[in-house]
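To be precise, the following lines are protein.cif, and they hold mmCIF, C-alpha atoms.
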data_start
#
loop_
_atom_site.label_atom_id
_atom_site.label_comp_id
_atom_site.auth_asym_id
_atom_site.auth_seq_id
_atom_site.Cartn_x
_atom_site.Cartn_y
_atom_site.Cartn_z
CA MET A 23 244.54 166.61 246.92
CA GLU A 24 245.40 163.31 245.31
CA PHE A 25 242.81 163.97 242.57
CA SER A 26 244.16 167.44 241.73
CA LYS A 27 247.66 165.99 241.43
CA LYS A 28 246.44 163.40 238.95
CA VAL A 29 244.64 166.08 236.91
CA ARG A 30 247.80 168.19 236.71
CA THR A 31 249.81 165.25 235.40
CA PHE A 32 247.12 164.11 232.94
CA ASP A 33 248.00 164.71 229.28
CA ALA A 34 245.43 163.88 226.58
CA PHE A 35 248.16 164.18 223.94
CA PRO A 36 251.21 162.37 225.35
CA LYS A 37 254.56 163.74 224.23
CA VAL A 38 257.66 161.91 223.10
CA ASP A 39 260.09 161.39 225.97
CA ALA A 40 262.89 163.94 226.08
CA GLN A 41 265.64 161.32 225.71
CA HIS A 42 264.17 160.37 222.32
CA GLN A 43 264.05 163.94 220.95
CA VAL A 44 266.79 165.51 218.83
CA ARG A 45 266.85 169.12 217.65
CA SER A 46 268.32 170.05 214.29
CA THR A 47 268.11 172.83 211.71
CA ARG A 48 266.73 170.40 209.15
CA GLY A 49 264.07 169.21 211.58
CA GLY A 50 262.95 172.76 212.32
CA PHE A 51 262.76 173.60 208.63
CA SER A 52 260.72 170.46 207.86
CA THR A 53 258.33 171.28 210.73
CA LEU A 54 257.85 174.82 209.43
CA LEU A 55 257.26 173.53 205.88
CA THR A 56 254.73 170.98 207.13
CA ILE A 57 252.82 173.67 209.06
CA LEU A 58 252.70 175.95 206.02
CA CYS A 59 251.43 173.12 203.79
CA GLY A 60 248.80 172.25 206.39
CA LEU A 61 247.61 175.85 206.61
CA LEU A 62 247.43 176.12 202.83
CA ILE A 63 245.36 172.97 202.50
CA PHE A 64 243.17 174.08 205.42
CA TRP A 65 242.50 177.39 203.62
CA VAL A 66 241.68 175.61 200.35
CA GLU A 67 239.33 173.14 202.01
CA VAL A 68 237.48 175.83 203.97
CA GLY A 69 237.09 177.89 200.77
CA GLY A 70 235.80 174.83 198.94
CA TYR A 71 233.30 174.11 201.70
CA VAL A 72 231.99 177.68 201.79
CA GLY A 73 231.82 177.97 197.98
CA GLY A 74 230.36 174.48 197.48
CA TYR A 75 230.65 172.54 194.24
CA VAL A 76 228.60 172.27 191.06
CA ASP A 77 227.02 168.90 190.30
CA HIS A 78 225.78 167.95 186.82
CA GLN A 79 223.02 165.34 186.68
CA PHE A 80 221.26 163.80 183.68
CA SER A 81 217.86 162.21 184.09
CA VAL A 82 214.85 161.24 182.03
CA ASP A 83 212.60 164.25 181.57
CA LYS A 84 209.35 163.30 183.31
CA ASN A 85 207.61 166.61 182.72
CA LEU A 86 205.13 166.25 179.89
CA ASN A 87 204.67 169.74 178.48
CA SER A 88 202.26 169.91 175.59
CA GLN A 89 203.56 173.29 174.49
CA LEU A 90 206.72 175.33 174.57
CA THR A 91 207.51 178.89 173.52
CA ILE A 92 209.90 179.98 170.78
CA ASN A 93 211.31 183.46 171.36
CA LEU A 94 212.81 185.24 168.37
CA ASP A 95 214.09 188.61 167.31
CA LEU A 96 215.54 188.91 163.80
CA ILE A 97 215.75 191.12 160.73
CA VAL A 98 215.18 189.90 157.16
CA ASN A 99 216.31 191.98 154.19
CA MET A 100 212.85 192.03 152.55
CA PRO A 101 209.76 194.14 153.12
CA CYS A 102 207.35 192.70 155.69
CA GLU A 103 204.59 192.56 153.09
CA PHE A 104 206.63 189.94 151.17
CA VAL A 105 207.38 187.73 154.19
CA HIS A 106 205.44 184.65 155.24
CA THR A 107 206.02 182.91 158.62
CA ASN A 108 204.67 179.55 159.70
CA VAL A 109 205.21 176.60 162.05
CA MET A 110 204.73 172.97 161.08
CA ASP A 111 205.43 169.86 163.17
CA ILE A 112 205.22 166.08 162.80
CA THR A 113 201.61 166.08 164.04
CA ASP A 114 200.72 168.05 160.88
CA ASP A 115 199.61 170.86 163.15
CA LYS A 116 200.13 174.20 161.39
CA PHE A 117 200.29 177.44 163.30
CA LEU A 118 200.18 180.80 161.59
CA ALA A 119 202.97 182.51 163.48
CA GLY A 120 202.14 185.80 161.76
CA GLU A 121 199.12 186.22 164.03
CA LEU A 122 201.28 186.61 167.17
CA LEU A 123 204.63 187.82 165.87
CA ASN A 124 205.35 191.51 165.44
CA TYR A 125 206.45 192.97 162.10
CA ALA A 126 208.12 196.37 161.94
CA GLY A 127 209.54 197.78 158.73
CA ILE A 128 213.06 199.20 159.05
CA HIS A 129 216.13 199.87 156.90
CA TRP A 130 218.54 196.98 156.49
CA PHE A 131 221.78 197.17 158.48
CA LEU A 132 224.39 194.84 160.01
CA PRO A 133 224.72 195.35 163.79
CA LEU A 134 228.24 195.75 165.17
CA GLY A 135 229.76 192.70 166.81
CA PHE A 136 227.51 190.14 165.10
CA ASN A 137 228.99 186.91 163.75
CA ILE A 138 228.23 187.19 160.03
CA ASN A 139 228.58 184.37 157.48
CA ASN A 140 230.52 182.11 159.86
CA VAL A 141 229.64 178.58 160.93
CA ASN A 142 228.19 178.62 164.45
CA ASP A 143 229.87 175.46 165.70
CA LYS A 144 231.25 176.58 169.08
CA HIS A 145 228.76 175.96 171.86
CA SER A 146 229.12 175.52 175.60
CA THR A 147 226.78 175.05 178.53
CA PRO A 148 226.46 178.34 180.47
CA ASP A 149 227.86 178.00 183.98
CA LEU A 150 225.81 178.47 187.12
CA ASP A 151 227.15 181.93 188.00
CA GLU A 152 226.40 183.27 184.51
CA ILE A 153 222.84 181.97 184.56
CA MET A 154 222.13 183.39 188.01
CA GLN A 155 223.41 186.81 186.96
CA GLU A 156 221.59 186.94 183.61
CA SER A 157 218.30 185.18 184.41
CA PHE A 158 215.90 188.10 184.09
CA ARG A 159 212.53 187.08 182.70
CA ALA A 160 210.95 189.28 180.06
CA GLU A 161 207.98 189.38 177.71
CA TYR A 162 207.32 191.22 174.48
CA LEU A 163 204.91 194.07 175.05
CA SER A 164 202.91 193.54 171.88
CA GLN A 165 201.55 190.73 169.68
CA GLY A 166 200.52 190.89 166.05
CA LEU A 167 201.95 194.39 165.59
CA LYS A 168 202.37 195.47 161.96
CA VAL A 169 204.15 198.76 161.30
CA ASP A 170 205.51 200.24 158.05
CA GLU A 171 205.35 196.93 156.15
CA GLY A 172 206.61 198.52 152.93
CA ALA A 173 210.05 199.45 154.34
CA PRO A 174 213.13 197.78 152.73
CA ALA A 175 213.67 195.31 155.59
CA CYS A 176 211.48 193.58 158.17
CA HIS A 177 212.10 193.32 161.91
CA ILE A 178 210.31 190.19 163.16
CA PHE A 179 210.08 189.64 166.92
CA GLY A 180 207.86 188.00 169.52
CA SER A 181 207.05 184.68 171.19
CA ILE A 182 204.98 181.88 169.71
CA PRO A 183 203.74 178.65 171.36
CA VAL A 184 204.60 175.38 169.63
CA ASN A 185 203.97 171.72 170.38
CA GLN A 186 206.87 170.05 172.16
CA VAL A 187 207.48 167.67 169.28
CA LYS A 188 209.75 167.69 166.26
CA GLY A 189 208.94 170.53 163.88
CA ASP A 190 210.20 173.66 162.20
CA PHE A 191 209.57 177.37 162.14
CA HIS A 192 210.25 178.94 158.77
CA ILE A 193 210.30 182.26 157.01
CA THR A 194 209.56 182.19 153.29
CA ALA A 195 208.39 184.60 150.62
CA LYS A 196 204.71 184.83 149.76
CA GLY A 197 203.74 182.63 146.82
CA LEU A 198 206.74 180.29 147.32
CA GLY A 199 205.95 177.09 149.21
CA TYR A 200 202.41 178.19 150.11
CA ARG A 201 199.52 179.32 148.01
CA ASP A 202 199.00 183.03 148.35
CA ARG A 203 197.26 185.73 146.37
CA HIS A 204 200.56 187.61 146.36
CA HIS A 205 203.63 186.33 144.58
CA VAL A 206 207.03 187.84 145.26
CA SER A 207 209.11 188.37 142.13
CA LYS A 208 212.54 186.84 141.79
CA GLU A 209 214.22 190.26 141.83
CA ALA A 210 212.70 191.12 145.22
CA LEU A 211 213.91 187.95 146.98
CA ASN A 212 216.65 188.45 149.57
CA PHE A 213 217.00 186.12 152.55
CA SER A 214 219.94 187.89 154.13
CA HIS A 215 219.19 188.05 157.86
CA VAL A 216 220.59 188.80 161.29
CA ILE A 217 219.40 187.06 164.47
CA ASN A 218 219.45 188.88 167.78
CA GLU A 219 217.53 186.24 169.77
CA PHE A 220 216.42 182.66 169.22
CA SER A 221 215.55 180.60 172.30
CA PHE A 222 213.09 178.08 173.69
CA GLY A 223 210.97 178.20 176.84
CA GLU A 224 210.71 181.19 179.16
CA PHE A 225 212.23 184.32 177.67
CA TYR A 226 215.56 185.23 179.29
CA PRO A 227 216.92 187.93 176.94
CA PHE A 228 220.36 188.18 178.59
CA ILE A 229 221.26 184.48 178.38
CA ASP A 230 223.43 183.72 175.34
CA ASN A 231 222.19 181.09 172.88
CA PRO A 232 224.04 179.59 169.88
CA LEU A 233 222.08 181.65 167.32
CA ASP A 234 222.16 184.94 169.21
CA GLN A 235 224.00 187.77 167.44
CA THR A 236 224.62 185.84 164.23
CA GLY A 237 223.68 186.47 160.63
CA LYS A 238 223.98 185.57 156.96
CA VAL A 239 224.36 187.89 153.99
CA THR A 240 223.90 186.67 150.41
CA ASP A 241 223.19 187.81 146.85
CA GLU A 242 221.59 184.48 145.91
CA LYS A 243 217.86 184.63 145.25
CA PHE A 244 216.85 180.98 145.64
CA ILE A 245 218.78 180.08 148.77
CA ALA A 246 217.55 178.13 151.81
CA TYR A 247 219.25 178.53 155.19
CA LYS A 248 218.55 175.58 157.48
CA TYR A 249 219.29 175.57 161.22
CA TYR A 250 218.96 172.23 163.04
CA THR A 251 218.56 172.50 166.82
CA GLN A 252 218.49 169.76 169.50
CA VAL A 253 216.76 171.17 172.58
CA VAL A 254 217.72 169.93 176.07
CA PRO A 255 215.61 171.03 179.08
CA THR A 256 218.02 172.43 181.68
CA GLU A 257 217.44 173.25 185.33
CA TYR A 258 219.77 175.40 187.45
CA GLN A 259 219.57 175.34 191.27
CA ARG A 260 221.37 177.45 193.87
CA LEU A 261 220.42 178.24 197.46
CA GLY A 262 216.81 177.25 196.90
CA ILE A 263 216.47 179.26 193.67
CA THR A 264 215.46 177.20 190.62
CA ILE A 265 215.69 178.41 187.03
CA ASP A 266 214.03 176.26 184.36
CA THR A 267 215.29 176.96 180.87
CA ASN A 268 216.28 175.20 177.66
CA GLN A 269 219.58 175.08 175.85
CA TYR A 270 220.19 173.68 172.40
CA SER A 271 222.95 172.45 170.16
CA LEU A 272 223.11 173.70 166.60
CA THR A 273 224.13 172.50 163.17
CA GLU A 274 223.43 174.45 160.01
CA SER A 275 223.54 174.20 156.26
CA HIS A 276 222.43 176.17 153.21
CA ILE A 277 221.53 175.22 149.67
CA VAL A 278 221.04 177.24 146.49
CA TYR A 279 218.23 175.73 144.44
CA PRO A 280 218.63 175.57 140.67
CA THR A 281 215.79 176.80 138.49
CA SER A 282 213.54 174.64 136.35
CA HIS A 283 212.77 175.25 132.67
CA ASN A 284 210.09 177.82 133.58
CA GLY A 285 212.47 179.82 135.81
CA ASN A 286 211.02 178.69 139.14
CA PRO A 287 213.28 177.24 141.90
CA THR A 288 213.29 173.46 142.34
CA GLY A 289 212.91 173.90 146.13
CA VAL A 290 211.50 176.37 148.62
CA PRO A 291 213.96 179.17 149.46
CA GLY A 292 213.81 180.75 152.89
CA ILE A 293 215.07 180.53 156.48
CA PHE A 294 214.22 177.30 158.30
CA PHE A 295 214.63 176.62 162.03
CA LYS A 296 214.18 172.88 162.57
CA TYR A 297 213.90 171.75 166.17
CA ASP A 298 213.70 168.49 168.08
CA PHE A 299 213.55 167.76 171.82
CA GLU A 300 215.77 165.37 173.75
CA PRO A 301 214.04 163.04 176.25
CA ILE A 302 216.61 163.85 178.96
CA LYS A 303 216.94 166.73 181.39
CA LEU A 304 220.16 168.33 182.62
CA LYS A 305 220.29 169.55 186.22
CA ILE A 306 223.12 171.86 187.28
CA ILE A 307 223.03 172.15 191.08
CA GLU A 308 225.29 173.89 193.56
CA LYS A 309 225.86 171.57 196.53
CA ARG A 310 227.80 171.63 199.79
CA ILE A 311 229.01 168.59 201.74
CA PRO A 312 227.61 168.13 205.30
CA PHE A 313 229.56 169.92 208.06
CA PHE A 314 230.59 166.78 209.97
CA GLN A 315 231.74 165.17 206.75
CA PHE A 316 233.80 168.29 206.07
CA VAL A 317 235.41 168.13 209.54
CA ALA A 318 236.21 164.42 209.15
CA ARG A 319 237.68 165.05 205.71
CA LEU A 320 239.78 167.94 206.97
CA ALA A 321 241.10 165.92 209.92
CA THR A 322 241.98 163.00 207.64
CA ILE A 323 243.86 165.24 205.21
CA LEU A 324 245.82 167.07 207.90
CA GLY A 325 246.64 163.82 209.68
CA GLY A 326 247.84 162.33 206.41
CA ILE A 327 250.08 165.35 205.84
CA MET A 328 251.72 164.88 209.25
CA VAL A 329 252.35 161.17 208.62
CA LEU A 330 253.66 161.81 205.12
CA ALA A 331 255.94 164.59 206.38
CA GLY A 332 257.39 162.23 209.01
CA TYR A 333 258.13 159.54 206.43
CA ALA A 334 259.63 162.10 204.05
CA TYR A 335 261.92 163.52 206.77
CA ARG A 336 263.17 160.09 207.84
CA LEU A 337 263.84 159.14 204.22
CA TYR A 338 265.75 162.40 203.74
CA GLU A 339 267.86 161.72 206.85
CA LYS A 340 268.56 158.19 205.66
CA LEU A 341 269.75 159.41 202.25
CA LEU A 342 272.06 161.97 203.89
CA SER A 343 273.49 159.24 206.12
CA ILE A 344 274.17 156.96 203.14
CA LEU A 345 275.71 159.71 201.00
CA PHE A 346 277.73 161.68 203.57
CA GLY A 347 277.92 159.49 206.68
CA LYS A 348 276.47 159.74 210.19
CA LYS A 349 278.91 162.41 211.32
CA TYR A 350 277.56 164.82 208.69
CA VAL A 351 273.99 164.05 209.74
CA ASN A 352 274.67 164.50 213.49
CA ARG A 353 276.87 167.57 213.38
CA ASP A 354 274.02 170.10 213.57
CA THR A 355 271.87 168.16 216.04
CA GLU A 356 271.27 168.84 219.70
CA LYS A 357 269.94 166.09 221.95
CA LEU A 358 267.48 167.29 224.55
CA SER A 359 268.19 166.64 228.21
CA GLY A 360 265.90 164.87 230.58
CA GLY A 361 266.64 161.17 230.12
CA LEU A 362 268.01 158.70 232.68
CA LEU A 363 271.56 158.75 231.27
CA ASP A 364 271.59 162.55 231.30
CA SER A 365 270.69 162.52 234.98
CA GLU A 366 273.53 160.11 235.80
CA ARG A 367 276.01 162.16 233.77
CA LYS A 368 275.08 165.39 235.55
CA LYS A 369 275.40 163.62 238.92
CA LYS A 370 278.93 162.46 238.16
CA GLU A 371 279.94 165.90 236.86
CA GLY A 372 278.70 167.48 240.09
CA GLU A 373 280.61 164.99 242.22
CA LYS A 374 283.82 165.74 240.31
CA GLU A 375 283.42 169.44 240.97
CA ASP A 376 283.19 168.71 244.73
CA GLY A 377 286.47 166.78 244.57
CA ARG A 378 284.90 163.44 245.25
CA THR A 379 285.62 160.50 242.91
CA TYR A 380 284.41 156.94 243.00
#
In structure tokens, write the structure found in this file.
Amino acid sequence: MEFSKKVRTFDAFPKVDAQHQVRSTRGGFSTLLTILCGLLIFWVEVGGYVGGYVDHQFSVDKNLNSQLTINLDLIVNMPCEFVHTNVMDITDDKFLAGELLNYAGIHWFLPLGFNINNVNDKHSTPDLDEIMQESFRAEYLSQGLKVDEGAPACHIFGSIPVNQVKGDFHITAKGLGYRDRHHVSKEALNFSHVINEFSFGEFYPFIDNPLDQTGKVTDEKFIAYKYYTQVVPTEYQRLGITIDTNQYSLTESHIVYPTSHNGNPTGVPGIFFKYDFEPIKLKIIEKRIPFFQFVARLATILGGIMVLAGYAYRLYEKLLSILFGKKYVNRDTEKLSGGLLDSERKKKEGEKEDGRTY
């Protein structure tokens, strides 16, 4: 019996004594405002915990890959029979890209929506959601295909392996820059081009790259377009899914070569893609803080809101007292009953009603 009485009177969260409590309209409004702020922050924190956060990490790339793939899909405004493609790197290793790339003769056209004759200087790292939605691997169905090479323009597409060292992939005209039994005449030269795809590593055709959907149109015969790319290996991770890809920054230039006394250009005209690889790796990872850390953080924030609200309310009451006086502050307040003085006052009032005075 004694134990049950103690349990009934036990309070794990002791309340403020009634004689120290005062009700007021301002106090009720501040309490309501504090509760709403607490609920809002609680909602934001729970949403942040469920959604996680994206962490960007840079580290030295420890993966030594001897080769990497260049994926390309472009159109050059010259017949395929006039075009020469090649890869050369700092190891003096030459790779005849024409053996694996596909060449299909078509009529020259400018696709709608392509960025033509503008500087491609706006680049951004794709976010995690975009990569996860667009990361569909693909491969070209054919290699070394050659179709209708005499058509006015040449569609060049495919994937070629290259050494993961500094180098360049270039498209020139036969007889210019390399010895060839064919020599393209000056009148037939036209290095206008549109690029639908240019990427490194595994082929993800739906991921946007700086050179995708761009192009250059010119009437100059001896012009060289040069694209300089800095490739950064990038890894995306979410919920155990890892996507290894490569992104690159881009700068570009072009030069029109003058002709010498015999009418030949002083340089090699063409389209040059120069690439280099950074020794760092970017990891973009979706993380979530541990549950107990989340609970402790939430409790700390909500507790801080309660303390801050108390200080703010007392400061507000103090300012009202200084500006308008205590009477103005106390006019809308109601002191709760239950204290010792209230008990004595009620006792005296009851005695007066009975006609007894002391």
- request: Determine, counting all atoms listed in the file, which protein, DNA and RNA residues have an atom within 10 Å of an atom of A:Asp115; residues of the same chain fewer than 2 positions away are not included. Present the result as a PyMOL selection string.
  value: chain A and resi 109-113+117+184-185+189
query: In Å to one decimal, how far is atom CA of A:Ser181 from atom CA of A:Leu123?
result: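 The value is 6.6 Å.
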- request: Taking the file as shown, find all residues satisfying the PyMOL selection byres ((chain A and resi 165) around 10) and write them as a PyMOL selection string.
  value: chain A and resi 120-125+162-164+166-168+179-182
field: Shell of 6 Å around stretch 93-96 of chain A, all atoms listed in the file, local chain residues under 2 positions omitted, as a count of residues only
entry: 11
query: Which residue out of A:Thr147, A:Thr322, A:Ser282, A:Asn99 has the minimum interatomic distance to A:His129 when only C-alpha atoms are used?
result: A:Asn99
message: Can you measure atom CA of A:Gly197 to atom CA of A:His215 for me? One decimal in Å is fine.
response: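 If I compute the distance from atom CA of A:Gly197 to atom CA of A:His215, I get 19.7 Å.
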- prompt: Quick one, how far is atom CA of A:Phe136 from atom CA of A:Gly237?
  reply: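 According to the coordinates, atom CA of A:Phe136 and atom CA of A:Gly237 are separated by 6.9 Å.
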- prompt: Smallest atom-to-atom distance to A:Asn108: which of A:Pro183, A:Gly74, A:Pro280, A:Gly69, using only C-alpha atoms?
  reply: A:Pro183
Could the residues of stretch 151-268 of chain A that have an atom at most 8 Å from stretch 287-304 of chain A be listed as JSON lines, each with its closest atom pair and the distance in Å to one decimal, counting only C-alpha atoms and ordered by chain and ascending residue number?
{"residue": "A:Gln186", "atom": "CA", "partner": "A:Phe299", "partner_atom": "CA", "distance": 7.1}
{"residue": "A:Val187", "atom": "CA", "partner": "A:Asp298", "partner_atom": "CA", "distance": 6.4}
{"residue": "A:Lys188", "atom": "CA", "partner": "A:Asp298", "partner_atom": "CA", "distance": 4.4}
{"residue": "A:Gly189", "atom": "CA", "partner": "A:Tyr297", "partner_atom": "CA", "distance": 5.6}
{"residue": "A:Asp190", "atom": "CA", "partner": "A:Lys296", "partner_atom": "CA", "distance": 4.1}
{"residue": "A:Phe191", "atom": "CA", "partner": "A:Phe295", "partner_atom": "CA", "distance": 5.1}
{"residue": "A:His192", "atom": "CA", "partner": "A:Phe294", "partner_atom": "CA", "distance": 4.3}
{"residue": "A:Ile193", "atom": "CA", "partner": "A:Ile293", "partner_atom": "CA", "distance": 5.1}
{"residue": "A:Thr194", "atom": "CA", "partner": "A:Gly292", "partner_atom": "CA", "distance": 4.5}
{"residue": "A:Ala195", "atom": "CA", "partner": "A:Gly292", "partner_atom": "CA", "distance": 7.0}
{"residue": "A:Leu198", "atom": "CA", "partner": "A:Val290", "partner_atom": "CA", "distance": 6.3}
{"residue": "A:Gly199", "atom": "CA", "partner": "A:Val290", "partner_atom": "CA", "distance": 5.6}
{"residue": "A:Phe213", "atom": "CA", "partner": "A:Gly292", "partner_atom": "CA", "distance": 6.3}
{"residue": "A:Lys243", "atom": "CA", "partner": "A:Pro291", "partner_atom": "CA", "distance": 7.9}
{"residue": "A:Phe244", "atom": "CA", "partner": "A:Pro291", "partner_atom": "CA", "distance": 5.1}
{"residue": "A:Ile245", "atom": "CA", "partner": "A:Pro291", "partner_atom": "CA", "distance": 5.0}
{"residue": "A:Ala246", "atom": "CA", "partner": "A:Pro291", "partner_atom": "CA", "distance": 4.4}
{"residue": "A:Tyr247", "atom": "CA", "partner": "A:Ile293", "partner_atom": "CA", "distance": 4.8}
{"residue": "A:Lys248", "atom": "CA", "partner": "A:Phe294", "partner_atom": "CA", "distance": 4.7}
{"residue": "A:Tyr249", "atom": "CA", "partner": "A:Phe295", "partner_atom": "CA", "distance": 4.8}
{"residue": "A:Tyr250", "atom": "CA", "partner": "A:Lys296", "partner_atom": "CA", "distance": 4.8}
{"residue": "A:Thr251", "atom": "CA", "partner": "A:Tyr297", "partner_atom": "CA", "distance": 4.8}
{"residue": "A:Gln252", "atom": "CA", "partner": "A:Asp298", "partner_atom": "CA", "distance": 5.2}
{"residue": "A:Val253", "atom": "CA", "partner": "A:Phe299", "partner_atom": "CA", "distance": 4.7}
{"residue": "A:Val254", "atom": "CA", "partner": "A:Glu300", "partner_atom": "CA", "distance": 5.5}
{"residue": "A:Pro255", "atom": "CA", "partner": "A:Lys303", "partner_atom": "CA", "distance": 5.1}
{"residue": "A:Thr256", "atom": "CA", "partner": "A:Leu304", "partner_atom": "CA", "distance": 4.7}
{"residue": "A:Glu257", "atom": "CA", "partner": "A:Leu304", "partner_atom": "CA", "distance": 6.2}
Applying 12 Å and all atoms listed in the file, which residues near A:Ser146 remain after dropping the ones on its own chain fewer than 4 positions away? List them as a compact mmCIF listing (two decimals) with C-alpha atoms, in the frame of the given file.
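out_16.txt written:
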# COMPACT_ATOMS: atom_id res chain seq x y z
CA ASN A 142 228.19 178.62 164.45
CA ASP A 230 223.43 183.72 175.34
CA ASN A 231 222.19 181.09 172.88
CA PRO A 232 224.04 179.59 169.88
CA GLN A 269 219.58 175.08 175.85
CA TYR A 270 220.19 173.68 172.40
CA SER A 271 222.95 172.45 170.16
CA LEU A 272 223.11 173.70 166.60
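Listed by chain and then by number, the residues chosen by the PyMOL selection byres ((chain A and resi 209) around 12) in this file are Met100, Ala195, His205, Val206, Ser207, Lys208, Ala210, Leu211, Asn212, Phe213, Asp241, Glu242, Lys243 and Phe244 of chain A.
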Residue nearest A:Thr273 - candidates A:Val82, A:Cys176, A:Val98, A:Leu233, atoms counted: only C-alpha atoms: A:Leu233
For stretch 110-124 of chain A, supply N, CA and C atoms and format the output as a PDB file, in the frame of the given file.
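Wrote rebuild03.pdb, looks like this:
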ATOM      1  N   MET A 110     205.290 174.266 161.432  1.00  0.00           N
ATOM      2  CA  MET A 110     204.730 172.970 161.080  1.00  0.00           C
ATOM      3  C   MET A 110     205.497 171.904 161.851  1.00  0.00           C
ATOM      4  N   ASP A 111     204.761 170.928 162.434  1.00  0.00           N
ATOM      5  CA  ASP A 111     205.430 169.860 163.170  1.00  0.00           C
ATOM      6  C   ASP A 111     204.970 168.503 162.670  1.00  0.00           C
ATOM      7  N   ILE A 112     205.481 167.432 163.297  1.00  0.00           N
ATOM      8  CA  ILE A 112     205.220 166.080 162.800  1.00  0.00           C
ATOM      9  C   ILE A 112     203.774 165.645 163.043  1.00  0.00           C
ATOM     10  N   THR A 113     203.028 166.395 163.837  1.00  0.00           N
ATOM     11  CA  THR A 113     201.610 166.080 164.040  1.00  0.00           C
ATOM     12  C   THR A 113     200.749 166.710 162.950  1.00  0.00           C
ATOM     13  N   ASP A 114     201.410 167.342 161.966  1.00  0.00           N
ATOM     14  CA  ASP A 114     200.720 168.050 160.880  1.00  0.00           C
ATOM     15  C   ASP A 114     199.907 169.237 161.397  1.00  0.00           C
ATOM     16  N   ASP A 115     200.264 169.689 162.588  1.00  0.00           N
ATOM     17  CA  ASP A 115     199.610 170.860 163.150  1.00  0.00           C
ATOM     18  C   ASP A 115     200.300 172.112 162.623  1.00  0.00           C
ATOM     19  N   LYS A 116     199.571 172.972 161.952  1.00  0.00           N
ATOM     20  CA  LYS A 116     200.130 174.200 161.390  1.00  0.00           C
ATOM     21  C   LYS A 116     199.661 175.379 162.229  1.00  0.00           C
ATOM     22  N   PHE A 117     200.597 176.265 162.486  1.00  0.00           N
ATOM     23  CA  PHE A 117     200.290 177.440 163.300  1.00  0.00           C
ATOM     24  C   PHE A 117     200.755 178.677 162.549  1.00  0.00           C
ATOM     25  N   LEU A 118     199.847 179.570 162.309  1.00  0.00           N
ATOM     26  CA  LEU A 118     200.180 180.800 161.590  1.00  0.00           C
ATOM     27  C   LEU A 118     200.879 181.753 162.555  1.00  0.00           C
ATOM     28  N   ALA A 119     202.207 181.703 162.536  1.00  0.00           N
ATOM     29  CA  ALA A 119     202.970 182.510 163.480  1.00  0.00           C
ATOM     30  C   ALA A 119     202.741 183.998 163.270  1.00  0.00           C
ATOM     31  N   GLY A 120     202.337 184.387 162.061  1.00  0.00           N
ATOM     32  CA  GLY A 120     202.140 185.800 161.760  1.00  0.00           C
ATOM     33  C   GLY A 120     201.054 186.451 162.599  1.00  0.00           C
ATOM     34  N   GLU A 121     200.193 185.644 163.227  1.00  0.00           N
ATOM     35  CA  GLU A 121     199.120 186.220 164.030  1.00  0.00           C
ATOM     36  C   GLU A 121     199.639 186.751 165.370  1.00  0.00           C
ATOM     37  N   LEU A 122     200.751 186.198 165.868  1.00  0.00           N
ATOM     38  CA  LEU A 122     201.280 186.610 167.170  1.00  0.00           C
ATOM     39  C   LEU A 122     202.596 187.381 167.058  1.00  0.00           C
ATOM     40  N   LEU A 123     203.352 187.124 166.010  1.00  0.00           N
ATOM     41  CA  LEU A 123     204.630 187.820 165.870  1.00  0.00           C
ATOM     42  C   LEU A 123     204.408 189.270 165.465  1.00  0.00           C
ATOM     43  N   ASN A 124     205.392 190.089 165.772  1.00  0.00           N
ATOM     44  CA  ASN A 124     205.350 191.510 165.440  1.00  0.00           C
ATOM     45  C   ASN A 124     206.214 191.778 164.215  1.00  0.00           C
TER      46      ASN A 124
END
